[in-house]
Amino acid sequence: METQGLVSMTDEAQLRWMALGDRTGLPAVVMLHGGPGLPDYLGDVAAMVADLAPVYRYDQRGTGRSPWWGCHSLARHVDDLAELLDAWDVPKAVLIGHSYGTDLASRFCLTHPGRVAAMLLMCGPFVGDWRSGDRAERGRRMSTAQQERLHALEEVPDRTEEEEVELLTLTWFTDHADPERGWHWAAQGARRRRPVNWAMNAELGRERRADPLDEHLAELRACLPARTELLGGADDPRPVWALESLALRLDLPLTRIEGAGHEPWLEQPDAVRAHLRRFVQGTVGA
């Protein structure tokens, strides 16, 4: 059964959270969704391990049911997670981040290493010049007409609802190994993961480029919990070498899920479920 609530931050922002499982169990798992600028979408992933430990999720400020119209910063998002842990009475958490959520988890660990019991970084964070490879692979997976339509939609200042859905579908379907099923998942997500907070996306994107995680890897390696792993889809358009490079620099194990892209639980749910359950069981039983 899912429970949920609302927590007020010290700057009066209110964040909506959801939890599965027995909330008296410790350590708790906290799942950090990607974006930035999207609401939480990790409910199906949380259900894979909720019988092993309590699993918390939340809509990051400015997304979903956590409205916010102020400025965004990585430091404020790190503070939000710390304040949520306090509100949940969770001294240390198992962090499972996806995509941008892996960057947030890593920066939280840099700031609050004593509050991270274990960390699973899923499909990120990517280091080096990974964006060039990502753009090239997405271009390979799209037809010329699709590329032209996407570029045209990106130039529209005030998109209609249908134009926004079309833009997001074109943007996201290349995330998946299977293009046909990928189109279905992208179209579904384009209607469910809304609205996209494009201002938040731009603000945090600029800050991440100005202060890349790449420059903090030595410090991060020194403060990582003993149980930290990387997980990625072998067919993610974001180049797998970027995760391999990170694994080497942080001295971490990397598991590649074959036949899966950026959301591996959609294409290979059994493999992802088995991996997450092994990780959480190993942490809870430690």
# chains A, B, ... in the order shown; residues from 1 in each chain; ligands from 1
$ closest_atom_pairs --of "range 128-152 of chain A" --to "range 197-217 of chain A" --cutoff "12 Å" --atoms "only C-alpha atoms" --output "CSV"
residue,atom,partner,partner_atom,distance
A:Gly128,CA,A:Asp214,CA,7.2
A:Asp129,CA,A:Asp214,CA,10.4
A:Trp130,CA,A:Asp214,CA,11.7
A:Arg131,CA,A:Arg209,CA,11.5
$ closest_atom_pairs --of "range 114-170 of chain A" --to "range 28-31 of chain A" --cutoff "12 Å" --atoms "only C-alpha atoms" --output "JSON lines"
{"residue": "A:Arg115", "atom": "CA", "partner": "A:Ala28", "partner_atom": "CA", "distance": 11.1}
{"residue": "A:Val116", "atom": "CA", "partner": "A:Val29", "partner_atom": "CA", "distance": 10.0}
{"residue": "A:Ala117", "atom": "CA", "partner": "A:Ala28", "partner_atom": "CA", "distance": 9.1}
{"residue": "A:Ala118", "atom": "CA", "partner": "A:Val29", "partner_atom": "CA", "distance": 9.1}
{"residue": "A:Met119", "atom": "CA", "partner": "A:Val29", "partner_atom": "CA", "distance": 9.4}
{"residue": "A:Leu120", "atom": "CA", "partner": "A:Met31", "partner_atom": "CA", "distance": 9.6}
{"residue": "A:Leu121", "atom": "CA", "partner": "A:Met31", "partner_atom": "CA", "distance": 10.2}
{"residue": "A:Met122", "atom": "CA", "partner": "A:Met31", "partner_atom": "CA", "distance": 10.4}
$ write_last_selection --atoms "N, CA, C and O atoms" --output "compact mmCIF listing (two decimals), in the first residue's frame"
# COMPACT_ATOMS: atom_id res chain seq x y z
N ARG A 115 25.12 10.19 5.47
CA ARG A 115 23.70 9.87 5.38
C ARG A 115 23.39 8.90 4.23
O ARG A 115 22.22 8.63 3.96
N VAL A 116 24.42 8.39 3.60
CA VAL A 116 24.22 7.46 2.48
C VAL A 116 24.72 6.08 2.88
O VAL A 116 25.92 5.86 3.06
N ALA A 117 23.78 5.14 3.01
CA ALA A 117 24.13 3.77 3.40
C ALA A 117 24.66 2.97 2.22
O ALA A 117 25.53 2.10 2.38
N ALA A 118 24.14 3.23 1.05
CA ALA A 118 24.55 2.56 -0.18
C ALA A 118 24.00 3.38 -1.33
O ALA A 118 23.10 4.21 -1.16
N MET A 119 24.54 3.14 -2.54
CA MET A 119 24.10 3.95 -3.67
C MET A 119 24.17 3.13 -4.95
O MET A 119 25.20 2.53 -5.27
N LEU A 120 23.06 3.11 -5.67
CA LEU A 120 22.99 2.48 -6.98
C LEU A 120 22.70 3.57 -8.00
O LEU A 120 21.66 4.24 -7.93
N LEU A 121 23.62 3.76 -8.94
CA LEU A 121 23.51 4.80 -9.95
C LEU A 121 23.10 4.15 -11.26
O LEU A 121 23.87 3.40 -11.85
N MET A 122 21.88 4.45 -11.70
CA MET A 122 21.28 3.76 -12.84
C MET A 122 21.21 4.71 -14.04
O MET A 122 20.53 5.74 -14.01
$ select_by_dssp --residues "range 9-211 of chain A" --states "strand (DSSP E or B)" --output "MDAnalysis selection string"
chainID A and resid 14:20 28:32 55:58 63 66 93:98 116:122
$ write_last_selection --atoms "C-alpha atoms" --output "PDB file, in the first residue's frame"
ATOM      1  CA  GLN A  14       6.235  22.048  -0.365  1.00  0.00           C
ATOM      2  CA  LEU A  15       7.330  18.676  -1.730  1.00  0.00           C
ATOM      3  CA  ARG A  16       4.969  15.758  -2.301  1.00  0.00           C
ATOM      4  CA  TRP A  17       6.349  12.333  -1.387  1.00  0.00           C
ATOM      5  CA  MET A  18       5.182   8.747  -1.778  1.00  0.00           C
ATOM      6  CA  ALA A  19       6.244   5.605   0.092  1.00  0.00           C
ATOM      7  CA  LEU A  20       5.791   1.860  -0.379  1.00  0.00           C
ATOM      8  CA  ALA A  28      15.090   3.033   3.783  1.00  0.00           C
ATOM      9  CA  VAL A  29      15.478   3.234   0.016  1.00  0.00           C
ATOM     10  CA  VAL A  30      15.033   6.615  -1.659  1.00  0.00           C
ATOM     11  CA  MET A  31      14.575   6.746  -5.419  1.00  0.00           C
ATOM     12  CA  LEU A  32      15.619   9.890  -7.251  1.00  0.00           C
ATOM     13  CA  VAL A  55      10.889   2.855  -0.581  1.00  0.00           C
ATOM     14  CA  TYR A  56      10.415   6.625  -0.764  1.00  0.00           C
ATOM     15  CA  ARG A  57       9.976   8.750  -3.871  1.00  0.00           C
ATOM     16  CA  TYR A  58       9.128  12.399  -4.333  1.00  0.00           C
ATOM     17  CA  THR A  63       7.563  19.245 -10.839  1.00  0.00           C
ATOM     18  CA  SER A  66       5.582  19.873  -5.773  1.00  0.00           C
ATOM     19  CA  ALA A  93      19.295   6.022   3.111  1.00  0.00           C
ATOM     20  CA  VAL A  94      19.997   3.674   0.250  1.00  0.00           C
ATOM     21  CA  LEU A  95      19.943   6.005  -2.754  1.00  0.00           C
ATOM     22  CA  ILE A  96      18.841   4.690  -6.141  1.00  0.00           C
ATOM     23  CA  GLY A  97      19.100   7.418  -8.749  1.00  0.00           C
ATOM     24  CA  HIS A  98      18.126   7.337 -12.407  1.00  0.00           C
ATOM     25  CA  VAL A 116      24.225   7.461   2.476  1.00  0.00           C
ATOM     26  CA  ALA A 117      24.131   3.769   3.402  1.00  0.00           C
ATOM     27  CA  ALA A 118      24.552   2.560  -0.181  1.00  0.00           C
ATOM     28  CA  MET A 119      24.101   3.949  -3.673  1.00  0.00           C
ATOM     29  CA  LEU A 120      22.993   2.481  -6.985  1.00  0.00           C
ATOM     30  CA  LEU A 121      23.511   4.805  -9.946  1.00  0.00           C
ATOM     31  CA  MET A 122      21.280   3.764 -12.840  1.00  0.00           C
TER      32      MET A 122
END
$ closest_atom_pairs --of "range 173-203 of chain A" --to "range 133-149 of chain A" --cutoff "10 Å" --atoms "only C-alpha atoms" --output "Markdown table"
| residue | atom | partner | partner_atom | distance |
| --- | --- | --- | --- | --- |
| A:Phe173 | CA | A:Arg141 | CA | 9.1 |
| A:Thr174 | CA | A:Arg138 | CA | 5.9 |
| A:Asp175 | CA | A:Arg138 | CA | 8.0 |
| A:His176 | CA | A:Arg141 | CA | 9.8 |
| A:Ala177 | CA | A:Arg141 | CA | 9.6 |
| A:Pro179 | CA | A:Arg141 | CA | 7.9 |
$ closest_atom_pairs --of "range 119-155 of chain A" --to "range 160-166 of chain A" --cutoff "10 Å" --atoms "only C-alpha atoms" --output "Markdown table"
| residue | atom | partner | partner_atom | distance |
| --- | --- | --- | --- | --- |
| A:Arg149 | CA | A:Glu166 | CA | 9.2 |
| A:Leu150 | CA | A:Glu166 | CA | 8.3 |
| A:Leu153 | CA | A:Glu163 | CA | 7.0 |
| A:Glu154 | CA | A:Glu164 | CA | 9.3 |
$ residues_around --residues "Gly285 in chain A" --least-positions-apart "5" --cutoff "12 Å" --atoms "only C-alpha atoms" --output "list in words"
Gly25, Leu26, Pro27, Leu52, Ala53, Ala117, Arg277, Arg278, Phe279 and Val280 of chain A
$ write_last_selection --atoms "N, CA, C and O atoms" --output "tab-separated table (two decimals), in the first residue's frame"
chain	number	residue	atom	x	y	z
A	25	GLY	N	10.90	0.16	8.75
A	25	GLY	CA	12.13	-0.56	8.42
A	25	GLY	C	13.27	0.38	8.07
A	25	GLY	O	13.06	1.46	7.52
A	26	LEU	N	14.47	-0.01	8.43
A	26	LEU	CA	15.68	0.76	8.12
A	26	LEU	C	16.78	-0.19	7.67
A	26	LEU	O	16.84	-1.32	8.15
A	27	PRO	N	17.66	0.23	6.76
A	27	PRO	CA	17.66	1.54	6.12
A	27	PRO	C	16.59	1.62	5.04
A	27	PRO	O	16.21	0.61	4.45
A	52	LEU	N	11.22	-5.55	0.52
A	52	LEU	CA	12.50	-5.74	1.19
A	52	LEU	C	12.84	-4.59	2.12
A	52	LEU	O	13.55	-4.77	3.12
A	53	ALA	N	12.36	-3.40	1.80
A	53	ALA	CA	12.67	-2.19	2.58
A	53	ALA	C	11.66	-1.12	2.20
A	53	ALA	O	11.10	-1.15	1.10
A	117	ALA	N	23.78	5.14	3.01
A	117	ALA	CA	24.13	3.77	3.40
A	117	ALA	C	24.66	2.97	2.22
A	117	ALA	O	25.53	2.10	2.38
A	277	ARG	N	16.95	-6.21	-6.51
A	277	ARG	CA	16.66	-7.00	-5.31
A	277	ARG	C	17.95	-7.51	-4.68
A	277	ARG	O	18.10	-7.50	-3.46
A	278	ARG	N	18.90	-7.93	-5.51
A	278	ARG	CA	20.18	-8.36	-4.95
A	278	ARG	C	20.87	-7.20	-4.25
A	278	ARG	O	21.40	-7.37	-3.14
A	279	PHE	N	20.84	-6.02	-4.88
A	279	PHE	CA	21.51	-4.86	-4.28
A	279	PHE	C	20.87	-4.48	-2.96
A	279	PHE	O	21.56	-4.27	-1.96
A	280	VAL	N	19.55	-4.37	-2.93
A	280	VAL	CA	18.86	-3.95	-1.71
A	280	VAL	C	18.98	-5.02	-0.62
A	280	VAL	O	19.23	-4.70	0.55
$ closest_residue --among "A:Gln188, A:Gln268, A:Thr283, A:Ser73" --to "Tyr41 in chain A" --atoms "only C-alpha atoms"
A:Gln188
$ residues_around --residues "range 245-261 of chain A" --least-positions-apart "4" --cutoff "9 Å" --atoms "only C-alpha atoms" --output "number ranges by chain"
A: 123, 125-128, 174-178, 214, 217-218, 220-222, 224, 228-238, 240-241, 265-268, 271-272, 275
$ write_last_selection --atoms "N, CA and C atoms" --output "short mmCIF file (atom, residue, chain, number, x, y, z; two decimals), in the first residue's frame"
data_model
loop_
_atom_site.label_atom_id
_atom_site.label_comp_id
_atom_site.auth_asym_id
_atom_site.auth_seq_id
_atom_site.Cartn_x
_atom_site.Cartn_y
_atom_site.Cartn_z
N CYS A 123 21.96 4.35 -15.09
CA CYS A 123 21.96 5.14 -16.34
C CYS A 123 22.48 6.56 -16.10
N PRO A 125 25.80 8.82 -13.53
CA PRO A 125 26.04 10.03 -14.32
C PRO A 125 27.07 9.77 -15.41
N PHE A 126 26.98 10.53 -16.48
CA PHE A 126 27.89 10.36 -17.62
C PHE A 126 28.99 11.41 -17.55
N VAL A 127 30.20 11.01 -17.87
CA VAL A 127 31.35 11.91 -17.77
C VAL A 127 32.01 12.06 -19.14
N GLY A 128 32.86 13.07 -19.25
CA GLY A 128 33.54 13.32 -20.52
C GLY A 128 32.60 13.92 -21.54
N THR A 174 14.05 7.54 -28.93
CA THR A 174 15.39 7.02 -29.21
C THR A 174 16.13 6.58 -27.95
N ASP A 175 15.52 6.77 -26.78
CA ASP A 175 16.13 6.30 -25.54
C ASP A 175 16.12 4.78 -25.45
N HIS A 176 15.30 4.12 -26.27
CA HIS A 176 15.06 2.69 -26.11
C HIS A 176 15.75 1.87 -27.20
N ALA A 177 16.05 0.61 -26.86
CA ALA A 177 16.71 -0.28 -27.81
C ALA A 177 15.78 -0.66 -28.95
N ASP A 178 14.51 -0.89 -28.64
CA ASP A 178 13.52 -1.28 -29.63
C ASP A 178 12.75 -0.04 -30.07
N ASP A 214 32.38 15.77 -13.20
CA ASP A 214 33.70 15.26 -13.58
C ASP A 214 34.80 15.84 -12.69
N LEU A 217 35.27 13.98 -9.04
CA LEU A 217 35.28 12.53 -8.94
C LEU A 217 36.27 12.00 -7.90
N ALA A 218 37.40 12.65 -7.74
CA ALA A 218 38.36 12.20 -6.73
C ALA A 218 37.75 12.33 -5.33
N LEU A 220 34.53 12.46 -4.70
CA LEU A 220 33.41 11.52 -4.61
C LEU A 220 33.90 10.12 -4.31
N ARG A 221 34.94 9.70 -4.97
CA ARG A 221 35.49 8.34 -4.73
C ARG A 221 35.87 8.16 -3.27
N ALA A 222 36.39 9.21 -2.67
CA ALA A 222 36.85 9.12 -1.27
C ALA A 222 35.70 9.00 -0.29
N LEU A 224 32.43 7.72 -1.12
CA LEU A 224 31.39 6.77 -1.50
C LEU A 224 31.20 5.70 -0.44
N THR A 228 28.47 0.63 -3.49
CA THR A 228 28.07 1.54 -4.56
C THR A 228 28.26 0.83 -5.88
N GLU A 229 27.26 0.90 -6.75
CA GLU A 229 27.33 0.22 -8.04
C GLU A 229 26.73 1.09 -9.13
N LEU A 230 27.14 0.76 -10.36
CA LEU A 230 26.59 1.40 -11.56
C LEU A 230 25.80 0.38 -12.36
N LEU A 231 24.70 0.84 -12.95
CA LEU A 231 23.85 -0.01 -13.78
C LEU A 231 23.45 0.79 -15.01
N GLY A 232 23.56 0.17 -16.18
CA GLY A 232 23.20 0.90 -17.39
C GLY A 232 22.65 -0.02 -18.46
N GLY A 233 21.85 0.55 -19.35
CA GLY A 233 21.36 -0.19 -20.50
C GLY A 233 22.42 -0.20 -21.59
N ALA A 234 22.73 -1.37 -22.11
CA ALA A 234 23.78 -1.48 -23.12
C ALA A 234 23.43 -0.72 -24.40
N ASP A 235 22.13 -0.51 -24.64
CA ASP A 235 21.69 0.18 -25.85
C ASP A 235 21.16 1.59 -25.58
N ASP A 236 21.57 2.18 -24.48
CA ASP A 236 21.29 3.59 -24.22
C ASP A 236 22.00 4.41 -25.30
N PRO A 237 21.34 5.41 -25.90
CA PRO A 237 22.05 6.25 -26.87
C PRO A 237 23.22 7.00 -26.24
N ARG A 238 23.14 7.27 -24.96
CA ARG A 238 24.28 7.87 -24.27
C ARG A 238 25.38 6.81 -24.26
N VAL A 240 28.04 4.01 -23.81
CA VAL A 240 28.36 3.17 -22.67
C VAL A 240 29.79 3.41 -22.19
N TRP A 241 30.66 3.90 -23.10
CA TRP A 241 32.03 4.16 -22.66
C TRP A 241 32.09 5.22 -21.58
N TRP A 265 14.27 -0.91 -17.08
CA TRP A 265 13.19 -1.68 -16.45
C TRP A 265 12.00 -1.87 -17.39
N LEU A 266 11.89 -1.06 -18.44
CA LEU A 266 10.81 -1.23 -19.40
C LEU A 266 11.11 -2.39 -20.35
N GLU A 267 12.34 -2.47 -20.83
CA GLU A 267 12.67 -3.47 -21.83
C GLU A 267 13.16 -4.79 -21.23
N GLN A 268 13.78 -4.72 -20.08
CA GLN A 268 14.29 -5.93 -19.43
C GLN A 268 13.92 -5.92 -17.94
N ALA A 271 15.55 -8.65 -15.53
CA ALA A 271 16.98 -8.43 -15.23
C ALA A 271 17.15 -7.28 -14.25
N VAL A 272 16.40 -6.21 -14.44
CA VAL A 272 16.51 -5.07 -13.53
C VAL A 272 15.98 -5.43 -12.16
N HIS A 275 18.53 -7.50 -10.32
CA HIS A 275 19.69 -6.70 -9.89
C HIS A 275 19.34 -5.82 -8.69
#
$ residues_around --residues "Thr111 in chain A" --least-positions-apart "5" --cutoff "12 Å" --atoms "only C-alpha atoms" --output "ChimeraX atom specification"
/A:74-79,81-82,104-106,116,216,219-220,223-224
$ write_last_selection --atoms "all heavy atoms" --output "CSV table (one decimal), in the first residue's frame"
chain,number,residue,atom,x,y,z
A,74,LEU,N,21.5,23.3,-7.7
A,74,LEU,CA,21.8,21.9,-7.3
A,74,LEU,C,21.9,21.9,-5.8
A,74,LEU,O,21.5,20.9,-5.2
A,74,LEU,CB,23.2,21.5,-8.0
A,74,LEU,CG,23.1,21.4,-9.5
A,74,LEU,CD1,24.5,21.2,-10.1
A,74,LEU,CD2,22.3,20.2,-9.9
A,75,ALA,N,22.5,22.9,-5.2
A,75,ALA,CA,22.6,23.0,-3.7
A,75,ALA,C,21.2,22.9,-3.1
A,75,ALA,O,21.1,22.2,-2.0
A,75,ALA,CB,23.4,24.2,-3.3
A,76,ARG,N,20.3,23.6,-3.6
A,76,ARG,CA,18.9,23.6,-3.0
A,76,ARG,C,18.3,22.2,-3.2
A,76,ARG,O,17.6,21.8,-2.2
A,76,ARG,CB,18.1,24.7,-3.7
A,76,ARG,CG,16.6,24.8,-3.2
A,76,ARG,CD,16.6,25.2,-1.7
A,76,ARG,NE,16.2,24.1,-0.9
A,76,ARG,CZ,16.0,24.2,0.4
A,76,ARG,NH1,16.1,25.4,1.0
A,76,ARG,NH2,15.6,23.2,1.2
A,77,HIS,N,18.5,21.5,-4.3
A,77,HIS,CA,18.0,20.2,-4.4
A,77,HIS,C,18.6,19.2,-3.5
A,77,HIS,O,18.0,18.3,-3.0
A,77,HIS,CB,18.1,19.8,-5.9
A,77,HIS,CG,17.0,20.4,-6.8
A,77,HIS,ND1,16.1,19.6,-7.5
A,77,HIS,CD2,16.7,21.7,-7.1
A,77,HIS,CE1,15.3,20.4,-8.2
A,77,HIS,NE2,15.7,21.6,-8.0
A,78,VAL,N,19.9,19.4,-3.2
A,78,VAL,CA,20.6,18.6,-2.2
A,78,VAL,C,20.0,18.8,-0.9
A,78,VAL,O,19.7,17.9,-0.1
A,78,VAL,CB,22.1,18.8,-2.3
A,78,VAL,CG1,22.8,18.3,-1.0
A,78,VAL,CG2,22.7,18.2,-3.5
A,79,ASP,N,19.8,20.1,-0.5
A,79,ASP,CA,19.2,20.4,0.8
A,79,ASP,C,17.8,19.8,0.9
A,79,ASP,O,17.4,19.4,2.0
A,79,ASP,CB,19.1,21.9,0.9
A,79,ASP,CG,20.4,22.6,1.2
A,79,ASP,OD1,21.4,21.8,1.5
A,79,ASP,OD2,20.6,23.8,1.0
A,81,LEU,N,16.6,17.0,-0.3
A,81,LEU,CA,16.7,15.6,0.0
A,81,LEU,C,17.1,15.5,1.5
A,81,LEU,O,16.5,14.6,2.2
A,81,LEU,CB,17.7,14.9,-0.9
A,81,LEU,CG,18.0,13.4,-0.6
A,81,LEU,CD1,16.7,12.7,-0.6
A,81,LEU,CD2,18.9,12.9,-1.6
A,82,ALA,N,18.0,16.3,2.0
A,82,ALA,CA,18.4,16.2,3.4
A,82,ALA,C,17.2,16.5,4.3
A,82,ALA,O,17.0,15.8,5.3
A,82,ALA,CB,19.5,17.1,3.7
A,104,LEU,N,22.2,14.0,-8.9
A,104,LEU,CA,21.7,14.5,-7.6
A,104,LEU,C,22.2,13.6,-6.4
A,104,LEU,O,22.7,14.1,-5.4
A,104,LEU,CB,20.2,14.5,-7.6
A,104,LEU,CG,19.5,15.0,-6.3
A,104,LEU,CD1,20.0,16.3,-5.8
A,104,LEU,CD2,18.0,15.0,-6.5
A,105,ALA,N,22.1,12.2,-6.6
A,105,ALA,CA,22.6,11.3,-5.6
A,105,ALA,C,24.1,11.5,-5.3
A,105,ALA,O,24.5,11.5,-4.1
A,105,ALA,CB,22.3,9.9,-6.0
A,106,SER,N,24.9,11.7,-6.4
A,106,SER,CA,26.3,11.9,-6.2
A,106,SER,C,26.6,13.2,-5.5
A,106,SER,O,27.5,13.2,-4.6
A,106,SER,CB,27.0,11.9,-7.6
A,106,SER,OG,26.8,10.6,-8.2
A,116,VAL,N,24.4,8.4,3.6
A,116,VAL,CA,24.2,7.5,2.5
A,116,VAL,C,24.7,6.1,2.9
A,116,VAL,O,25.9,5.9,3.1
A,116,VAL,CB,25.0,8.0,1.2
A,116,VAL,CG1,24.7,7.0,0.0
A,116,VAL,CG2,24.6,9.4,0.9
A,216,HIS,N,34.7,16.6,-9.6
A,216,HIS,CA,34.6,16.2,-8.2
A,216,HIS,C,34.8,14.7,-8.0
A,216,HIS,O,34.5,14.2,-6.9
A,216,HIS,CB,33.3,16.6,-7.7
A,216,HIS,CG,33.0,18.1,-7.8
A,216,HIS,ND1,33.5,19.0,-6.9
A,216,HIS,CD2,32.3,18.8,-8.7
A,216,HIS,CE1,33.1,20.2,-7.3
A,216,HIS,NE2,32.3,20.1,-8.4
A,219,GLU,N,37.1,13.5,-5.1
A,219,GLU,CA,36.4,13.7,-3.8
A,219,GLU,C,35.3,12.7,-3.6
A,219,GLU,O,35.1,12.2,-2.5
A,219,GLU,CB,35.9,15.1,-3.8
A,219,GLU,CG,35.3,15.5,-2.5
A,219,GLU,CD,34.6,16.9,-2.5
A,219,GLU,OE1,34.8,17.6,-3.5
A,219,GLU,OE2,34.0,17.3,-1.5
A,220,LEU,N,34.5,12.5,-4.7
A,220,LEU,CA,33.4,11.5,-4.6
A,220,LEU,C,33.9,10.1,-4.3
A,220,LEU,O,33.3,9.4,-3.5
A,220,LEU,CB,32.6,11.5,-5.9
A,220,LEU,CG,31.4,10.6,-6.0
A,220,LEU,CD1,30.4,11.0,-4.9
A,220,LEU,CD2,30.8,10.7,-7.4
A,223,CYS,N,34.5,9.5,-0.7
A,223,CYS,CA,33.4,9.5,0.3
A,223,CYS,C,32.3,8.5,-0.1
A,223,CYS,O,31.3,8.4,0.7
A,223,CYS,CB,32.9,10.9,0.5
A,223,CYS,SG,32.0,11.5,-0.9
A,224,LEU,N,32.4,7.7,-1.1
A,224,LEU,CA,31.4,6.8,-1.5
A,224,LEU,C,31.2,5.7,-0.4
A,224,LEU,O,32.2,5.2,0.2
A,224,LEU,CB,31.7,6.1,-2.8
A,224,LEU,CG,31.6,6.9,-4.1
A,224,LEU,CD1,32.2,6.1,-5.3
A,224,LEU,CD2,30.2,7.3,-4.4
$ residues_around --residues "Asp40 in chain A" --least-positions-apart "2" --cutoff "7 Å" --atoms "only C-alpha atoms" --output "number ranges by chain"
A: 33, 38, 42, 58-59
$ atom_distance --atom1 "CA of Val90 in chain A" --atom2 "CA of Pro39 in chain A"
22.4 Å
$ atom_distance --atom1 "CA of Leu170 in chain A" --atom2 "CA of Trp69 in chain A"
27.4 Å
$ select_by_dssp --residues "range 106-257 of chain A" --states "alpha helix (DSSP H)" --output "PyMOL selection string"
chain A and resi 106-111+130-141+144-154+161-172+179-192+198-210+217-223+240-250
